[in-house]
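Notes for the one structure printed next.
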Amino acid sequence: MKRPPRPGLLLVMAREARWMRRDKHALLLTLAVPLLAFALLAYTFSGAVIRNLGVAVVDADRTPTSIEYVQKIDSAPGVQVTLRADDLSAAMEAVRSGGALAAVYIPRNFERDLMASRRPQIVSFYNRQFFTPGNNASSAISGAIGAATAALPSFAPPQGGGARIGAIAIEKYVLTNPELNYAQFLLRAILPTVLHVIAAIAGGYAVGSEFASRSMGAWLRTAGGSPLTALVGKLAPLFGILVLMMVVVAAIIHGVFAVPFRGDAILMGASACLMLISYLAMGALFQLLVRKLALGLSLTAIICSPAFGFAGIGFPILAMNGFSRAWGAALPLRWYMQVLFDQAVRGLPASVSVAPFAILGAIATILFGLAWLRLAAIAGSPAKAAAQPARAVVKGYGVASAMMAELRAALNDSGAFGLIVIAPLVYGVLYPQPYLGQLLRNLPIAVVDQDQTEVSRQLIQALDSDEALSVVARAGALAEAQAILARRDVFAIVAIPKGTERDILKGARARVAAYVDSAYFLLYNRTLQGILEATAAANRDLSAGAARADGSLARAALVRASPVEFVNEPLFNPTGGYASYVVPAAFILIVQQTLLMGAATLGAVGFEQGGAAARRRRGGFRAMLGQAFAHASLALPGLLLYLIVLPRVYGFSTLGRPLDMLLFAVPFLLSASFLGQFVSLGFKRRERAVLVFIATSLPLFFMVGVAWPIEALPETLRVFSRAFPSTSAIDGLVRINQMGATLEDVRRDWINLWILTGAYAGLGAAAAWLMNRAETTDAG
């Protein structure tokens with residue numbers, strides 16, 4: 001007779017492996033969901049170079065010179081002229097409605113004023129509400145205007161002569177990511193972020209299933225009564241799969257996208273393992289604390305979903321408030337990202353990453369230890385298997401009765417109510433916190449002054465006076481400054497070579513080197529902007545100073561240096577606030593995701609309580625319509641909170657008319673509800689909704705066009721993204737509320753939402769009818 005297997009670690013692991021093979025949702029979560037998310041994100045950023053951003057041009061002069069400027073803009077890398085408007089109002093309408101990202105105005109008599117040395121203006125208005133696309137369009141237009149101006153024939157300066165003064169020219173050296181490859185920056189950060197959410201949910205699902213559908217007693221018996229063995233054996237198979245997913249992440253970044261790895265691979269691999277252990281233990285801990293699978297998964301999602309903002313990748317830690325720094329410091333993702341960027345991006349010595357690695361290890365130990373202690377505390381009285389819910393008889397097919405029944409079901413189910421109603425309130429407070437600093441100020445830089453002259457001191461003073469910068473270190477040599485940058489004490493080095501003042505006094509261009517760290521793009525852009533602004537201010541002072549003997553010559557010097565004045569005006573988010581850009585769009589996505597999960601949860605609850613009979617009744621068109629009205633009425637307060645109340649609390653622009661927003665919100669909420677109901681037809685357990693939708697938020701956010709240009713998306717992905725209500729809803733509601741667009745301006749998005757409403761309602765009703773017919777046939 002064959003002896004039974006001996007209880008212990010291997011038996012627990014074998015039990016878990018068998019369960020994962022049987023539970024298709026466990027395999028879906030750990031294998032299919034991450035691979036699908038990775039594929040979508042990799043495809044999203046496959047066009048790493050941003051091109052063809054639309055520009056509307058108003059050429060009021062229509063002379064050969066103005067036409068040359070228009071042609072330069074149209075041929076500039078990154079932008080194209082998509083509209084030649086007759087007046088500025090038409091161009092601005094194109095920006096507001098999405099036809100263009102920027103508008104350029106060339107005034108009447110531009111060529112005449114240029115010939116007369118009157119320094120005419122060219123004005124560019126760019127959409128900074130769409131942060132990355134707008135800033136890229138602005139940069140491309142500025143470069144095109146500068147190139148066109150440089151190609152102008154020389155104009156004789158006004159009479160009076162005077163000594164010519166040189167100027168300071170910045171030579172830019174981009175550190176860590178010299179190609180400024182967005183895929184390199186974004187994919188490094190986003191793919192592990194997706195995986196950390198999946199790890200926490202997977203750990204929670206594995207442990208929570210013991211309370212919901214399996215046996216806590218059987219789990220502990222296979223471990224020989226050891227809580228430590230039980231916990232390690234349960235999480236070990238998941239850990240192995242997730243390590244494999246980390247390898248896939250590395251293959252995508254370093255293989256598919258050929259992004260170089262510069263640091264210590266062993267340290268990086270160990271950090272990845274610690275992060276996975278941390279989040280597996282976190283998910284397990286929440287389940288052991290609440291002992292309710294659906295509630296534990298919801299809590300895990302609330303903690304993990306906004307973690308990217310607190311990690312300091314999109315918005316730097318130094319600009320966060322105290323709460324955000326403290327909350328971020330408690331999250332494993334924060335420290336893993338620091339190791340990742342120090343090693344993989346900067347290629348710093350391993351010693352620099354010892355501190356964040358140690359903190360990550362401590363957090364992993366604490367989380368795992370707490371889960372172990374909690375399991376040990378309940379080991380003596382394991383939870384009983386959840387009783388099967390009573391089969392409720394669902395009455396009524398009408399719209400009104402279905403709506404009232406769904407409202408009662410939501411109010412009586414803490415999980416569904418928490419997802420649709422409570423979660424948006426929590427996210428409304430938690431999600432914006434990292435970004436409320438809005439602007440980056442006083443970014444630390446180092447200066448190496450080898451000239452030691454009045455001119456170099458004037459430049460340093462200009463750098464320190466710029467609101468974006470703060471000169472915190474003055475190094476005697478470049479190597480010393482590089483060591484300071486490697487410790488993350490500064491983000492740029494300005495090196496002023498010997499002979500700078502001499503070259504300027506001779507009328508030549510003095511070249512000053514700026515070494516700027518591009519590991520974090522927002523820091524890079526803001527630091528470089530501050531250096532360029534300070535240099536321009538110093539050049540203006542030098543030009544004016546040289547002409548001070550005859551004050552009338554100051555303008556002549558300015559005209560010689562810059563015959564055309566280029567004015568770059570940001571629209572809709574004039575201060576460039578990061579929260580003003582990211583939070584309004586994220587709020588809309590939060591509403592969709594919580595509504596999807598809540599609607600799908602209620603569908604699964606209906607099956608749990610009423611079986612196939614409940615699904616048949618819920619799948620009728622009138623019942624689905626009533627349920628959609630119930631879901632929309634529950635989600636509407638949260639949406640109004642996001643659109644009307646919180647923008648005023650946080651100081652975001654609110655230009656939209658409430659009626660336009662309400663009319664636009666109706667098909668958004670209905671389409672999200674119908675999509676959730678359609679998907680829920682395949683769910684027999686309530687927790688499936690969280691498993692399916694939790695990892696889709698980041699891929700969907702980058703398909704909208706707010707953070708990543710829609711022009712940079714592959715055409716297939718553009719079409720695919722339109723199948724989700726969030727794509728049209730974010731574009732339309734942000735344009736209405738933050739940009740002052742009317743419902744007519746966003747008509748295309750509004751119509752698309754109504755199409756999705758009808759499509760998902762029809763798909764849900766058809767799928768329910770087919771499933772019911774198949775059940776009837778099988779029964780017969």
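Labeling convention for the structure tokens: chains A, B, ... as they appear, residues from 1 per chain, ligands from 1 in order of appearance.
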
Discussion item. At a cut-off of 9 Å, using only C-alpha atoms, what residues contact region 98-107 of chain A? Leave out same-chain residues fewer than 3 positions from it and give the result as a PyMOL selection string.
Written reply: chain A and resi 53-62+66+69-70+81-83+87-88+91-95+110+120-128+130+133-134+137-138+141+571+731+735+745-746

Practice prompt. Please report, as a PyMOL selection string, each residue of region 448-686 of chain A to which DSSP assigns strand (DSSP E or B) when run on this structure's backbone.
Written response: chain A and resi 448-449+469-475+492-496+509-517+565-571

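Nearest to Ala301 (chain A) of all the residues A:Gly398, A:Pro77, A:Gly740, A:Gly283 is A:Gly283, based on only C-alpha atoms.
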
Shell around region 748-754 of chain A at 6 Å using only C-alpha atoms, local window under 3 positions removed, as a PDB file with C-alpha atoms, in the first residue's frame:
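Resulting contents of part02.pdb:
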ATOM      1  CA  PRO A 667     -23.559  57.631 -22.108  1.00  0.00           C
ATOM      2  CA  PHE A 668     -20.210  57.233 -20.326  1.00  0.00           C
ATOM      3  CA  SER A 728     -13.729  58.952 -25.319  1.00  0.00           C
ATOM      4  CA  GLY A 732     -14.322  64.669 -23.933  1.00  0.00           C
ATOM      5  CA  THR A 757     -23.750  52.041 -24.953  1.00  0.00           C
TER       6      THR A 757
END

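With only C-alpha atoms as the atoms that count, the residue of A:Val666, A:Ala766, A:Val447, A:Ala212 with the shortest distance to Leu640 (chain A) is A:Val666.
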
Item to complete: Select from region 169-225 of chain A everything DSSP, run on the backbone, classes as alpha helix (DSSP H), then give the selection as a PyMOL selection string.
Response: chain A and resi 182-212+216-222

Discussion item. Which residues are close to region 418-423 of chain A, i.e. within 7 Å by only C-alpha atoms, leaving aside same-chain residues fewer than 5 positions away? Reply as a ChimeraX atom specification.
Written reply: /A:594-595,597-598,634-635,638

Atoms kept (C-alpha atoms) for selection, written as a PDB file, in the first residue's frame:
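Written output follows (out-v4.pdb):
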ATOM      1  CA  THR A 594     -14.666  51.084 -10.131  1.00  0.00           C
ATOM      2  CA  LEU A 595     -17.978  51.029 -12.005  1.00  0.00           C
ATOM      3  CA  MET A 597     -15.731  46.115 -11.181  1.00  0.00           C
ATOM      4  CA  GLY A 598     -18.857  47.015  -9.206  1.00  0.00           C
ATOM      5  CA  LEU A 634     -24.647  55.103  -7.705  1.00  0.00           C
ATOM      6  CA  ALA A 635     -21.592  56.236  -9.681  1.00  0.00           C
ATOM      7  CA  GLY A 638     -18.532  60.232  -7.425  1.00  0.00           C
TER       8      GLY A 638
END

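Atom pair CA of Leu244 (chain A) / CA of Met337 (chain A): separated by 18.8 Å.
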
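The nearest approach to Glu687 (chain A) among the residues A:Ala350, A:Ala446, A:Val339, A:Ala416, with only C-alpha atoms taken into account, belongs to A:Ala416.
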
Neighbours of Val471 (chain A) within 8 Å (only C-alpha atoms; same-chain residues fewer than 3 positions away dropped), as a PDB file with all heavy atoms, in the first residue's frame?
ATOM      1  N   PRO A 444      17.989  71.209  -7.325  1.00  0.00           N
ATOM      2  CA  PRO A 444      19.407  71.420  -7.020  1.00  0.00           C
ATOM      3  C   PRO A 444      20.313  71.132  -8.221  1.00  0.00           C
ATOM      4  O   PRO A 444      20.155  70.114  -8.896  1.00  0.00           O
ATOM      5  CB  PRO A 444      19.667  70.433  -5.875  1.00  0.00           C
ATOM      6  CG  PRO A 444      18.636  69.367  -6.050  1.00  0.00           C
ATOM      7  CD  PRO A 444      17.426  70.039  -6.615  1.00  0.00           C
ATOM      8  N   ILE A 445      21.237  72.035  -8.466  1.00  0.00           N
ATOM      9  CA  ILE A 445      22.243  71.844  -9.507  1.00  0.00           C
ATOM     10  C   ILE A 445      23.616  72.196  -8.943  1.00  0.00           C
ATOM     11  O   ILE A 445      23.728  72.870  -7.913  1.00  0.00           O
ATOM     12  CB  ILE A 445      21.960  72.694 -10.769  1.00  0.00           C
ATOM     13  CG1 ILE A 445      22.116  74.189 -10.454  1.00  0.00           C
ATOM     14  CG2 ILE A 445      20.584  72.397 -11.332  1.00  0.00           C
ATOM     15  CD1 ILE A 445      22.109  75.072 -11.699  1.00  0.00           C
ATOM     16  N   ALA A 446      24.651  71.725  -9.610  1.00  0.00           N
ATOM     17  CA  ALA A 446      26.031  72.040  -9.238  1.00  0.00           C
ATOM     18  C   ALA A 446      26.653  72.893 -10.336  1.00  0.00           C
ATOM     19  O   ALA A 446      26.296  72.773 -11.519  1.00  0.00           O
ATOM     20  CB  ALA A 446      26.838  70.763  -9.039  1.00  0.00           C
ATOM     21  N   VAL A 447      27.577  73.754  -9.959  1.00  0.00           N
ATOM     22  CA  VAL A 447      28.267  74.628 -10.901  1.00  0.00           C
ATOM     23  C   VAL A 447      29.774  74.415 -10.764  1.00  0.00           C
ATOM     24  O   VAL A 447      30.298  74.342  -9.640  1.00  0.00           O
ATOM     25  CB  VAL A 447      27.916  76.104 -10.649  1.00  0.00           C
ATOM     26  CG1 VAL A 447      28.792  77.015 -11.498  1.00  0.00           C
ATOM     27  CG2 VAL A 447      26.447  76.366 -10.959  1.00  0.00           C
ATOM     28  N   ILE A 460      26.073  82.527 -12.846  1.00  0.00           N
ATOM     29  CA  ILE A 460      25.719  81.722 -11.668  1.00  0.00           C
ATOM     30  C   ILE A 460      24.584  82.381 -10.898  1.00  0.00           C
ATOM     31  O   ILE A 460      23.651  81.712 -10.420  1.00  0.00           O
ATOM     32  CB  ILE A 460      26.958  81.528 -10.778  1.00  0.00           C
ATOM     33  CG1 ILE A 460      28.000  80.672 -11.506  1.00  0.00           C
ATOM     34  CG2 ILE A 460      26.557  80.855  -9.458  1.00  0.00           C
ATOM     35  CD1 ILE A 460      29.331  80.603 -10.801  1.00  0.00           C
ATOM     36  N   LEU A 463      21.404  81.695 -12.701  1.00  0.00           N
ATOM     37  CA  LEU A 463      20.963  80.322 -12.474  1.00  0.00           C
ATOM     38  C   LEU A 463      20.295  80.186 -11.107  1.00  0.00           C
ATOM     39  O   LEU A 463      19.238  79.567 -10.974  1.00  0.00           O
ATOM     40  CB  LEU A 463      22.158  79.363 -12.564  1.00  0.00           C
ATOM     41  CG  LEU A 463      22.769  79.149 -13.952  1.00  0.00           C
ATOM     42  CD1 LEU A 463      24.120  78.448 -13.833  1.00  0.00           C
ATOM     43  CD2 LEU A 463      21.837  78.367 -14.852  1.00  0.00           C
ATOM     44  N   ASP A 464      20.903  80.755 -10.103  1.00  0.00           N
ATOM     45  CA  ASP A 464      20.365  80.631  -8.747  1.00  0.00           C
ATOM     46  C   ASP A 464      19.081  81.429  -8.566  1.00  0.00           C
ATOM     47  O   ASP A 464      18.273  81.131  -7.679  1.00  0.00           O
ATOM     48  CB  ASP A 464      21.421  81.093  -7.744  1.00  0.00           C
ATOM     49  CG  ASP A 464      21.160  80.560  -6.349  1.00  0.00           C
ATOM     50  OD1 ASP A 464      20.706  79.400  -6.225  1.00  0.00           O
ATOM     51  OD2 ASP A 464      21.389  81.287  -5.382  1.00  0.00           O
ATOM     52  N   ARG A 474      29.170  74.131  -5.483  1.00  0.00           N
ATOM     53  CA  ARG A 474      30.146  74.750  -6.387  1.00  0.00           C
ATOM     54  C   ARG A 474      31.408  73.912  -6.320  1.00  0.00           C
ATOM     55  O   ARG A 474      32.139  73.971  -5.327  1.00  0.00           O
ATOM     56  CB  ARG A 474      30.415  76.200  -5.984  1.00  0.00           C
ATOM     57  CG  ARG A 474      29.147  77.038  -5.969  1.00  0.00           C
ATOM     58  CD  ARG A 474      29.453  78.513  -5.910  1.00  0.00           C
ATOM     59  NE  ARG A 474      28.228  79.311  -5.804  1.00  0.00           N
ATOM     60  CZ  ARG A 474      28.128  80.573  -6.184  1.00  0.00           C
ATOM     61  NH1 ARG A 474      29.172  81.200  -6.685  1.00  0.00           N
ATOM     62  NH2 ARG A 474      26.987  81.228  -6.062  1.00  0.00           N
TER      63      ARG A 474
END

Discussion item. Report as number ranges by chain all protein, DNA and RNA residues lying within 9 Å of region 500-517 of chain A, evaluated on only C-alpha atoms, omitting residues in the same chain fewer than 6 positions from it.
Written reply: A: 163-177, 346, 450-451, 453-456, 485, 490-494, 523-524, 527-528, 531, 542

So that I have them on file, write out the residues from the current selection with N, CA and C atoms, as a short mmCIF file (atom, residue, chain, number, x, y, z; two decimals), in the first residue's frame.
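Done, and the output landed in again.cif:
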data_model
loop_
_atom_site.label_atom_id
_atom_site.label_comp_id
_atom_site.auth_asym_id
_atom_site.auth_seq_id
_atom_site.Cartn_x
_atom_site.Cartn_y
_atom_site.Cartn_z
N ALA A 163 30.11 98.65 -30.08
CA ALA A 163 30.83 97.39 -29.97
C ALA A 163 29.85 96.23 -29.88
N ARG A 164 30.17 95.14 -30.59
CA ARG A 164 29.35 93.94 -30.50
C ARG A 164 29.77 93.14 -29.27
N ILE A 165 28.81 92.57 -28.63
CA ILE A 165 29.07 91.75 -27.46
C ILE A 165 28.68 90.32 -27.80
N GLY A 166 29.45 89.37 -27.32
CA GLY A 166 29.13 87.98 -27.59
C GLY A 166 27.99 87.49 -26.70
N ALA A 167 27.75 86.20 -26.74
CA ALA A 167 26.66 85.61 -25.96
C ALA A 167 27.08 84.25 -25.44
N ILE A 168 26.40 83.83 -24.40
CA ILE A 168 26.62 82.50 -23.83
C ILE A 168 25.75 81.50 -24.56
N ALA A 169 26.33 80.42 -25.02
CA ALA A 169 25.58 79.36 -25.69
C ALA A 169 25.70 78.09 -24.86
N ILE A 170 24.56 77.47 -24.56
CA ILE A 170 24.55 76.25 -23.77
C ILE A 170 24.75 75.03 -24.67
N GLU A 171 25.74 74.24 -24.35
CA GLU A 171 25.93 72.95 -25.01
C GLU A 171 25.33 71.88 -24.11
N LYS A 172 24.29 71.25 -24.58
CA LYS A 172 23.52 70.31 -23.75
C LYS A 172 24.09 68.90 -23.88
N TYR A 173 24.32 68.28 -22.74
CA TYR A 173 24.75 66.89 -22.68
C TYR A 173 23.73 66.11 -21.85
N VAL A 174 23.04 65.20 -22.51
CA VAL A 174 21.97 64.45 -21.84
C VAL A 174 22.57 63.19 -21.24
N LEU A 175 22.44 63.06 -19.94
CA LEU A 175 23.00 61.92 -19.23
C LEU A 175 21.96 60.82 -19.06
N THR A 176 22.40 59.59 -19.09
CA THR A 176 21.65 58.35 -18.82
C THR A 176 20.71 57.93 -19.95
N ASN A 177 20.11 58.86 -20.66
CA ASN A 177 19.19 58.50 -21.75
C ASN A 177 19.36 59.53 -22.86
N ARG A 346 21.03 54.67 -14.49
CA ARG A 346 22.22 55.48 -14.26
C ARG A 346 23.51 54.67 -14.27
N GLN A 450 35.29 77.55 -13.85
CA GLN A 450 36.72 77.60 -14.10
C GLN A 450 37.16 78.94 -14.69
N ASP A 451 36.21 79.85 -14.87
CA ASP A 451 36.54 81.17 -15.41
C ASP A 451 36.79 82.20 -14.31
N THR A 453 35.22 84.91 -13.31
CA THR A 453 35.17 86.30 -13.78
C THR A 453 33.81 86.89 -13.44
N GLU A 454 33.67 88.19 -13.76
CA GLU A 454 32.40 88.84 -13.51
C GLU A 454 31.29 88.20 -14.33
N VAL A 455 31.60 87.80 -15.57
CA VAL A 455 30.58 87.17 -16.43
C VAL A 455 30.15 85.83 -15.84
N SER A 456 31.08 85.03 -15.39
CA SER A 456 30.71 83.72 -14.83
C SER A 456 29.89 83.89 -13.55
N LEU A 485 26.45 64.43 -8.35
CA LEU A 485 25.28 64.02 -9.13
C LEU A 485 24.99 62.53 -8.94
N VAL A 490 22.27 66.41 -6.75
CA VAL A 490 21.94 67.41 -7.78
C VAL A 490 21.45 66.67 -9.02
N PHE A 491 20.79 67.41 -9.91
CA PHE A 491 20.25 66.80 -11.13
C PHE A 491 20.88 67.36 -12.40
N ALA A 492 21.81 68.30 -12.25
CA ALA A 492 22.49 68.85 -13.42
C ALA A 492 23.79 69.50 -12.98
N ILE A 493 24.70 69.62 -13.92
CA ILE A 493 25.98 70.30 -13.70
C ILE A 493 26.14 71.34 -14.80
N VAL A 494 26.43 72.58 -14.43
CA VAL A 494 26.75 73.63 -15.39
C VAL A 494 28.24 73.92 -15.25
N LEU A 523 11.91 65.92 -14.28
CA LEU A 523 13.05 66.62 -13.70
C LEU A 523 13.99 67.12 -14.78
N TYR A 524 14.23 66.29 -15.77
CA TYR A 524 15.12 66.69 -16.86
C TYR A 524 14.59 67.93 -17.59
N THR A 527 14.63 71.09 -15.30
CA THR A 527 15.99 71.56 -15.02
C THR A 527 16.60 72.22 -16.25
N LEU A 528 16.46 71.57 -17.41
CA LEU A 528 17.00 72.15 -18.64
C LEU A 528 16.31 73.47 -18.97
N ILE A 531 17.84 76.17 -16.84
CA ILE A 531 19.18 76.55 -17.30
C ILE A 531 19.10 77.45 -18.54
N LEU A 542 23.90 91.01 -20.55
CA LEU A 542 25.18 91.30 -21.21
C LEU A 542 25.00 92.24 -22.39
#

Item to complete: Write out as a ChimeraX atom specification which residues come within 9 Å of Leu40 (chain A) when counting only C-alpha atoms, dropping same-chain ones fewer than 5 positions away.
Response: /A:35,45,699,717

Discussion item. Counting only C-alpha atoms, which residue out of A:Leu411, A:Leu348, A:Ala270, A:Val247 sits closest to Gln482 (chain A)?
Written reply: A:Leu348

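The nearest approach to Tyr431 (chain A) among the residues A:Arg722, A:Cys304, A:Ala258, A:Leu443, with only C-alpha atoms taken into account, belongs to A:Cys304.
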
Worksheet, complete the sentence: Among A:Ala600, A:Asp342, A:Gln461, A:Phe323, Gly263 (chain A) is approached most closely, using only C-alpha atoms, by A:Asp342
